Every structure is written in C-alpha cells, then in structure tokens.
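I have placed the structure first, in the form of structure tokens, so that the comments after it can refer back to it.
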Amino acid sequence: MNWIALRMLMGDRAKYFGLIFGVSFATLLMTQQVSIFMGILTRTASQVLDVRDAEIWVMDNKVRFIDEAPALPDTDLYRVRGVPGVEWAVRLYKGQVTARLADGNFRAVVLFGLDDSTFVGAPQEMILGSLADLRRPDAVIIDKSGYEYMWPGQPYQLGREFELNDRRAVLVGICKASPPFTTLPILYTRYSSASGFVPRERNMMKFILAHPEAGLTDAEVCRRIEERTGLMALTQREFFWKTINYFLGSTGIPVNFGITIALGFVVGAAITGQTFYLFTIENLKQFGALKAMGVSNARLIGMILLQAVIVGLVGYGIGIGLTAAFFESTSGITHLAGLAMTPLAFGGVGAAVMIIIVITSLLSIRKVLVLEPAVVFRG
Amino acid sequence: MSMSMESIELDTSPAVVCRGVTKEFGSGDTKTVALRGVDLDVRYGETTLLVGPSGCGKTTLISIIAGLLYPTGGEISVLGHDLVRLRNGKLVNFRAKNIGFVFQQYNLLPALTAAENAAVPLVIAGEYRGRAVGAAKEILAEVGLEPRMNALPTQLSGGQQQRVAIARALIHKPKLLVCDEPTAALDGHSGQTVMQLLKRVAVQPDRAVIIVTHDSRVYRFGDRIVTMSDGLIESVEERAAEHEEAMAG
Ligand SMILES: Nc1ncnc2c1ncn2[C@@H]1O[C@H](COP(=O)(O)OP(=O)(O)OP(=O)(O)O)[C@@H](O)[C@H]1O
Ligand SMILES: [Mg+2]
C-alpha cells in the first residue's frame, strides 16, 4: 500500500509542489531567523569568547553586560593579584571611541587596551602584520571586517594613519576577530597607548583578566576573588551567558525575532496544513474507495502518515538547503559574516516541522477515519 | 473444476439472505427510512438485477449486502457470514476478501495506471506490487484493454475506465460482485459492451452478481430482476435460462 500512498501524493504535481513549498518556506524562514537570532545574540558576547588566554573576568559587581562596565581603580588589580589561587591578573580596557580618517570621515570603533607586557586578550590569528608590532609607538591592530568597513574596497595595507581622540594611530596589523553586536571595527592597542586614545578619565581599567593557579578550578578562584575583593569575578562562560541573558531579558531583540520565528511557524503550518488537508479532502473519494475495497483504518492512517512524513522530509530538506545557500551567499558580505546555521536552529526547526506535520496529518486522519465507506456509491 | 463439498454446498444455499432488513438514516425530524423490511435471496451463478425508482433504497440495500453499512434491523447473511455480528475490523477483511465492487463513477485512483488500478485488491490482500500488476495485466487483456495497460484513467474513455474497474473488481476472485449503476455514466454502446463483458467474465458458478440499474436496456442481461419500491421488494421476476442462452449466443 505504501507505493500507492506515494503515487497518490505525487500524482498531482501541482499539489505536491504546493505542499513541499509550504514546508520548505516555513523551514527556511524559521531556520534563518533562529540562526540569525542566535548569531546576533552570540555577537553581543563574542568579545568575551575571543579572549582565549584568561579564564576569569573580574569587574565591578554591578555590571550587567560587557558593554557597560565602569572603570576600576588600579588598586583593584593589586588586590586581585593578592588573592591566593590567582596565578596572574592583568588589566583590560574596552571602550568605544571615534576614529577620524584621513579623508575627514568619522567612524565609531571598539577599542581594546591590552596589558603592555603580556598582551593578554590579544587576537588569536593575524591576517597581516604581527602582534609584536603592537609595541611600536601609536600602533593599533584592526580586525578584518573593521578594515573593510573603514576603508571599503581598498587593498589591505599597513601603515595607514588615522586619529583617535586627536592622537595619531598607526595601523600595524589586520587580525581575525568575532564581529561585535554593533558590527563596529575592533581595534587592539597597548593599555598604555589606549590611555592616550580615550578622553581622560580618572580610571580606565574596565576589566581584570585573571588566570587560576594549577589545580584550582576557575569557579573556586572566582569565589575567592569575590570574597576578598567585593568585585564580581566570572568564568568566561558565566560572563558570556550573563551578557546574552541581559540582551535576552532587557532588549526588544528576542521579541522581534520571536515574532518572526512564530510567524514562520504559523505561516508554514497554515500553508502546509491547509494544503495537506485539502489534498486529503480532495482524495476522500479515493480513500473511500480503498476503504470499501477493504483497506483498514490502520493502513489508511499509515498511508496518510507516510505521505505527511515524505512532505515533511522533502520540504525540510529543501528548506535547510535554501537556508544553507542563503548563509553561503551572504558569507562574503562583511556585516553578515559569521552568521551561520546553528545546530539548534537545525534541530529545533526540525522539531517544529515535525509538529506541523503531525497536526496536519491528524486533521486529515480524522477526516478519513469518520468517512463512511458507503460514500463510494454516492455520486 | 473440482467438485469439493464446499462448492456443492455453495450451489444449494443462497449467497445472500436478507430477512426483514431495515435501514434508517438520521433521527427525529430528519429521519429517513430507506429500507422497510427487505426479504431477498441472491443465488450463486446468477445475475440479479436490482431496479426501481430513484430513492427506493437500491444503493442502501447493496451497501448493506456488501458490508459497507450496518442495517438498523433484520438479519443478513452473506456467503455464510452473519454481517450484523461481524465487528468493523472483521467486516473490512470480509470485504477485502469476498466482495468485488463496480461503481457508477468508476472510482479509479487517478495517479495509478490501468494495470496498477486493477491490481489494487491484490495489493490490499498483501501481494507484492510486481506480482499484483502482473496478474492485473492478464485480466486486463481478458477485458480487451491489453494496449492501454499503462494508461492513466484520464487517458481512457468512460467505457475503458469501467472495464478497468471490472478487472479490478474481479482480480481477487470475489464470491460476490456488486455493481451500482455500472452503465449509467456510459453511452448506450459502451454500456452494452460493459454488460456483455460482465456477463462473460464475471458470472461464475461460485459467484453471485448483483447489479443495480435504471437502464432498461440492461434488463435482458439479468437472470432475475428484483424490483424495489419505497424501501421494499415489490416483485421478483425469474427469467428463463434458455432465453439467456439465446441472448448470449
Ligand atoms: N447517508 C444517508 N443519509 C441520509 N439519508 C440517506 C442516506 N443514504 C440514503 N439516504 C436516503 O435513503 C433513501 C434511499 O436512498 P438510496 O440511495 O438507497 O436510493 P436509490 O434507490 O439508490 O436511489 P437512486 O436510484 O437515485 O440511486 C433516500 O431517501 C435517500 O435520501
Ligand atoms: Mg443509488
């Protein structure tokens, strides 16, 4: 009977493609939105993850997310260094400044000031130039997307000059970095030169990056730091999620994406459900004939489920393919780079499609179950 | 043919026995009484025509006989099975095994070829697709559709579609064939062809054939003509065997 179910399903090409389209469209919409949503959320905290060489972030205990940390007095650094179990601790500046380009244009940039002697928090991968050049006067390293944003369409070229807070900055390297939420360029410099690049404030140390002594867990050392200094100490994961949770809970981002994702689900379910239901209704006469000829309800349910599962699988496959193609085709676009289909989107949308298919086929199954086989004799 | 005890038995007892069969649809104001107490025997090896004015209950009666509907009251025995006491699941199997159907609107599956359509009852019985379609091709050749076996229903004329439906109704060698207005959608010539075909391939000593019809040109194909009126059997007309032979010749 399975082959008969499949022939019934694919016999009418137009309807079959309509069904597939509904599921593909829903899949595309949902997967794409979920992926972008997750990508953007990750971006809000990507600078936390980009620091690979320190496990612990210490900051003011009122900080809610990475972008709003107040500066700490330098004495806090020494207090953290004095906590037993901290092997080392260094300063980190992170802030937003305005760069004035040679042609007179302004660009807001994210500036990192790295500990002068250790460069903890430095980019992991250089595309051009070397990290050591950061020791040269006024030296800055920029991320690749940032370079393309500041000097669009121009070849990579070191030695470019621009101004930060009326101070000369010289480009000595181009690196890879995760795109930030704001898609602003990311500049790395030494902590000591950062103090010249930002308007004078009493303190400028936003974070202290620390490393635990061997044999101690990050969490344990965090606990000790908090206990002894009154500052907040978080592991990298904790700070990552704290930042993401802030954006989840305090911004319109989740609601907006939630609406689109829900729309994708509803529209997809509506198109698929309606088309499949109509498909069953139109085939009711055929199901009636099969019923009259002695096909049991169980087998009819099996046939409908098979039809629904095929529609779901094919539509989901095409939708995922289209999503992949979308991200592939946008991977060259600077401000979209780094957004990709996430496993959660892949799996979650798969589950959503399955729910759509189940609801859809239940409606159809009900219709076929209550069908009187005697209808076959009615015109 | 081997003369087993069973076939001797079949020859003597009727294929269908209806006693006081009633059927009501709906209830209260909308209640319709379709059958008011039908007594009817249908014998093996015969073609029984069921005739009568529109709405007199012909379709309802054959639906009950074919196990598609439960009667409201009365007794009905088909091929030795008490249909009133067959549970739904059993009834489905009973239909699959024993009944062949020919409908006015053919009811072929539009996505399947002629051969595949004719094969459906064997597939329902659990036969593999290849073997079922193979058997269907043989029977389609018998009904004169050899050249059109791979055509889709939409590519066939009404008469051809009905011949496919007849092949489908007979492929699993049912003991009872029920046909509701098999010629009503056909022109006179195709109707005659279909009736001759039914007569030639369907009528067997161990099979009972019931045909509901409005079409008086079809009457001559019946061995017995049962006339219904307002939910009751009005008359049963037996036709002479020699008459039938003359006609077939
Ligand atoms: N499912 C149903 N629900 C309600 N009433 C029904 C139903 N089926 C049949 N009837 C009624 O039962 C009566 C007999 O109907 P039936 O279809 O058996 O007549 P028929 O002799 O086959 O008529 P026709 O020659 O027009 O096909 C009619 O009054 C019809 O309206
Ligand atoms: Mg009728």
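By order in the structure tokens, chains are A, B, ...; within a chain, residues start at 1; ligands start at 1, following the order shown.
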Which residues come within 8 Å of Leu131 of chain A, counting only C-alpha atoms, excluding same-chain residues fewer than 4 positions away, as a list in words?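 Residues meeting the cut-off are Ala122, Met126, Ile141 and Gly173 of chain A.
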Contacts of Ser157 of chain B at 12 Å (only C-alpha atoms; same-chain gap of 4+ positions) as a ChimeraX atom specification: /B:106,114,145,148,151-153,161-164,185-187,190
Environment of ligand 1 within 6 Å, counting only C-alpha atoms and all ligand atoms, reported as a list of chain:residue names: B:Phe25, B:Thr32, B:Ala34, B:Pro53, B:Ser54, B:Gly55, B:Cys56, B:Gly57, B:Lys58, B:Thr59, B:Thr60
Residues at most 12 Å from Gly317 of chain A, counting only C-alpha atoms, excluding those fewer than 6 positions away in the same chain, as a ChimeraX atom specification? /A:20-21,23-28,31,309-311,323-324,346,349-350,353
Near-ligand residues for ligand 2, threshold 12 Å, only C-alpha atoms and all ligand atoms, as a PyMOL selection string: (chain A and resi 374-379) or (chain B and resi 34+50-63+103-105+179-182+184+211-214+228)
Determine the nearest neighbour of chain B from the options A:Val58, A:Phe327, A:Leu284, A:Met354, counting only C-alpha atoms. A:Leu284
Report as JSON lines the residues of chain A within 7 Å of chain B, each with its shortest atom pair and distance in Å (one decimal), using only C-alpha atoms, ordered by chain and increasing residue number.
```
{"residue": "A:Met1", "atom": "CA", "partner": "B:Val123", "partner_atom": "CA", "distance": 6.5}
{"residue": "A:Arg7", "atom": "CA", "partner": "B:Ala111", "partner_atom": "CA", "distance": 5.8}
{"residue": "A:Met8", "atom": "CA", "partner": "B:Ala111", "partner_atom": "CA", "distance": 5.6}
{"residue": "A:Gly11", "atom": "CA", "partner": "B:Ala111", "partner_atom": "CA", "distance": 4.6}
{"residue": "A:Gln286", "atom": "CA", "partner": "B:Leu109", "partner_atom": "CA", "distance": 6.2}
{"residue": "A:Ala289", "atom": "CA", "partner": "B:Asn107", "partner_atom": "CA", "distance": 6.5}
{"residue": "A:Ala292", "atom": "CA", "partner": "B:Leu68", "partner_atom": "CA", "distance": 6.6}
{"residue": "A:Met293", "atom": "CA", "partner": "B:Ala96", "partner_atom": "CA", "distance": 5.3}
{"residue": "A:Gly294", "atom": "CA", "partner": "B:Ala96", "partner_atom": "CA", "distance": 4.0}
{"residue": "A:Val295", "atom": "CA", "partner": "B:Ile124", "partner_atom": "CA", "distance": 6.3}
{"residue": "A:Ser296", "atom": "CA", "partner": "B:Val92", "partner_atom": "CA", "distance": 6.2}
{"residue": "A:Pro373", "atom": "CA", "partner": "B:Leu68", "partner_atom": "CA", "distance": 5.8}
{"residue": "A:Ala374", "atom": "CA", "partner": "B:Leu68", "partner_atom": "CA", "distance": 5.3}
{"residue": "A:Phe377", "atom": "CA", "partner": "B:Phe103", "partner_atom": "CA", "distance": 6.3}
{"residue": "A:Gly379", "atom": "CA", "partner": "B:Gln105", "partner_atom": "CA", "distance": 6.8}
```
Tell me, which residues of segment 129-333 of chain A carry DSSP strand (DSSP E or B), written as a PyMOL selection string? chain A and resi 129+139-143+161-164+167-176+186-190+205+207-212+232-235
At a cut-off of 9 Å, using only C-alpha atoms, what residues contact Pro14 of chain B? Leave out same-chain residues fewer than 5 positions from it and give the result as an mmCIF file with all heavy atoms, in the first residue's frame.
```
data_model
loop_
_atom_site.group_PDB
_atom_site.id
_atom_site.type_symbol
_atom_site.label_atom_id
_atom_site.label_comp_id
_atom_site.auth_asym_id
_atom_site.auth_seq_id
_atom_site.Cartn_x
_atom_site.Cartn_y
_atom_site.Cartn_z
ATOM 1 N N ASP B 41 -33.291 -13.277 -1.410
ATOM 2 C CA ASP B 41 -32.217 -14.262 -1.580
ATOM 3 C C ASP B 41 -31.503 -13.962 -2.885
ATOM 4 O O ASP B 41 -32.141 -13.656 -3.878
ATOM 5 C CB ASP B 41 -32.794 -15.683 -1.664
ATOM 6 C CG ASP B 41 -33.322 -16.153 -0.309
ATOM 7 O OD1 ASP B 41 -33.223 -15.366 0.657
ATOM 8 O OD2 ASP B 41 -33.844 -17.278 -0.234
ATOM 9 N N VAL B 42 -30.190 -14.062 -2.852
ATOM 10 C CA VAL B 42 -29.412 -13.915 -4.094
ATOM 11 C C VAL B 42 -28.618 -15.191 -4.258
ATOM 12 O O VAL B 42 -27.933 -15.636 -3.336
ATOM 13 C CB VAL B 42 -28.461 -12.700 -4.017
ATOM 14 C CG1 VAL B 42 -27.625 -12.611 -5.283
ATOM 15 C CG2 VAL B 42 -29.252 -11.421 -3.792
ATOM 16 N N ARG B 43 -28.716 -15.802 -5.446
ATOM 17 C CA ARG B 43 -28.110 -17.124 -5.641
ATOM 18 C C ARG B 43 -26.782 -17.042 -6.374
ATOM 19 O O ARG B 43 -26.545 -16.139 -7.171
ATOM 20 C CB ARG B 43 -29.088 -18.006 -6.426
ATOM 21 C CG ARG B 43 -30.366 -18.284 -5.648
ATOM 22 C CD ARG B 43 -31.148 -19.429 -6.257
ATOM 23 N NE ARG B 43 -31.763 -19.086 -7.535
ATOM 24 C CZ ARG B 43 -33.058 -18.781 -7.659
ATOM 25 N NH1 ARG B 43 -33.849 -18.780 -6.587
ATOM 26 N NH2 ARG B 43 -33.559 -18.490 -8.825
ATOM 27 N N TYR B 44 -25.927 -18.030 -6.091
ATOM 28 C CA TYR B 44 -24.662 -18.160 -6.823
ATOM 29 C C TYR B 44 -24.942 -18.447 -8.283
ATOM 30 O O TYR B 44 -25.945 -19.071 -8.628
ATOM 31 C CB TYR B 44 -23.834 -19.317 -6.250
ATOM 32 C CG TYR B 44 -23.230 -19.025 -4.894
ATOM 33 C CD1 TYR B 44 -23.784 -19.568 -3.742
ATOM 34 C CD2 TYR B 44 -22.095 -18.226 -4.789
ATOM 35 C CE1 TYR B 44 -23.226 -19.316 -2.499
ATOM 36 C CE2 TYR B 44 -21.538 -17.967 -3.547
ATOM 37 C CZ TYR B 44 -22.102 -18.512 -2.408
ATOM 38 O OH TYR B 44 -21.548 -18.260 -1.192
ATOM 39 N N VAL B 78 -24.312 -13.141 4.406
ATOM 40 C CA VAL B 78 -23.659 -13.063 3.095
ATOM 41 C C VAL B 78 -22.522 -14.068 3.071
ATOM 42 O O VAL B 78 -21.640 -14.045 3.941
ATOM 43 C CB VAL B 78 -23.127 -11.639 2.822
ATOM 44 C CG1 VAL B 78 -22.406 -11.590 1.483
ATOM 45 C CG2 VAL B 78 -24.258 -10.623 2.860
ATOM 46 N N LEU B 79 -22.567 -14.977 2.110
ATOM 47 C CA LEU B 79 -21.553 -16.023 1.973
ATOM 48 C C LEU B 79 -21.381 -16.782 3.287
ATOM 49 O O LEU B 79 -20.271 -17.141 3.672
ATOM 50 C CB LEU B 79 -20.210 -15.424 1.536
ATOM 51 C CG LEU B 79 -20.266 -14.422 0.365
ATOM 52 C CD1 LEU B 79 -18.906 -13.795 0.143
ATOM 53 C CD2 LEU B 79 -20.763 -15.112 -0.909
ATOM 54 N N GLY B 80 -22.501 -16.942 3.993
ATOM 55 C CA GLY B 80 -22.461 -17.689 5.243
ATOM 56 C C GLY B 80 -22.037 -16.881 6.456
ATOM 57 O O GLY B 80 -21.970 -17.406 7.559
ATOM 58 N N ALA B 208 -21.926 -14.802 -6.987
ATOM 59 C CA ALA B 208 -23.203 -14.123 -7.173
ATOM 60 C C ALA B 208 -22.935 -12.707 -7.662
ATOM 61 O O ALA B 208 -21.981 -12.071 -7.219
ATOM 62 C CB ALA B 208 -23.973 -14.073 -5.854
#
```
Can you tell me which residues surround Gly85 of chain A at a distance of at most 12 Å, considering only C-alpha atoms, apart from same-chain residues fewer than 4 positions away, and format the answer as a ChimeraX atom specification? /A:56,80-81,89,210-225,228
Using only C-alpha atoms, determine which residues lie at most 9 Å from segment 190-198 of chain A, disregarding the query and same-chain residues fewer than 3 positions distant; provide the list as a count of residues only. 31
Would you work out the distance separating atom CA of Pro84 of chain A from atom CA of Val51 of chain A, expressed in Å to one decimal?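 It comes out at 22.9 Å.
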Can you work out the spacing between atom CA of Asp53 of chain A and atom CA of Lys206 of chain A in Å, to one decimal?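 We find that atom CA of Asp53 of chain A and atom CA of Lys206 of chain A lie 17.4 Å from each other.
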Tell me, as a PyMOL selection string, which residues lie within 12 Å of Leu278 of chain A, counting only C-alpha atoms; anything in the same chain fewer than 6 positions away does not count. chain A and resi 15-16+18-19+270-272+284+360-361+363-364+367
Using only C-alpha atoms for the distances, tell me which of B:Glu46, B:Glu142, B:Glu24, B:Glu238 is nearest to Lys199 of chain B. B:Glu46
Hey, can you check how far atom CA of Asn297 of chain A sits from atom CA of Ala5 of chain A?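 Between atom CA of Asn297 of chain A and atom CA of Ala5 of chain A the gap works out to 13.8 Å.
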I'd like to know which of B:Leu197, B:Val203, B:Ala115, B:Val178 is closest to Gly130 of chain B, using only C-alpha atoms.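 Comparing B:Leu197, B:Val203, B:Ala115, B:Val178 against Gly130 of chain B, the winner is B:Ala115.
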Between B:Val209, B:Gly26, B:Arg224, B:Gly45, single out the one closest to Thr12 of chain B, counting only C-alpha atoms.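 For Thr12 of chain B, the nearest of the given residues is B:Gly45.
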Based on DSSP run over this structure's backbone, return all residues of segment 148-224 of chain A in alpha helix (DSSP H), as a PyMOL selection string. chain A and resi 148-150+191-197+218-224
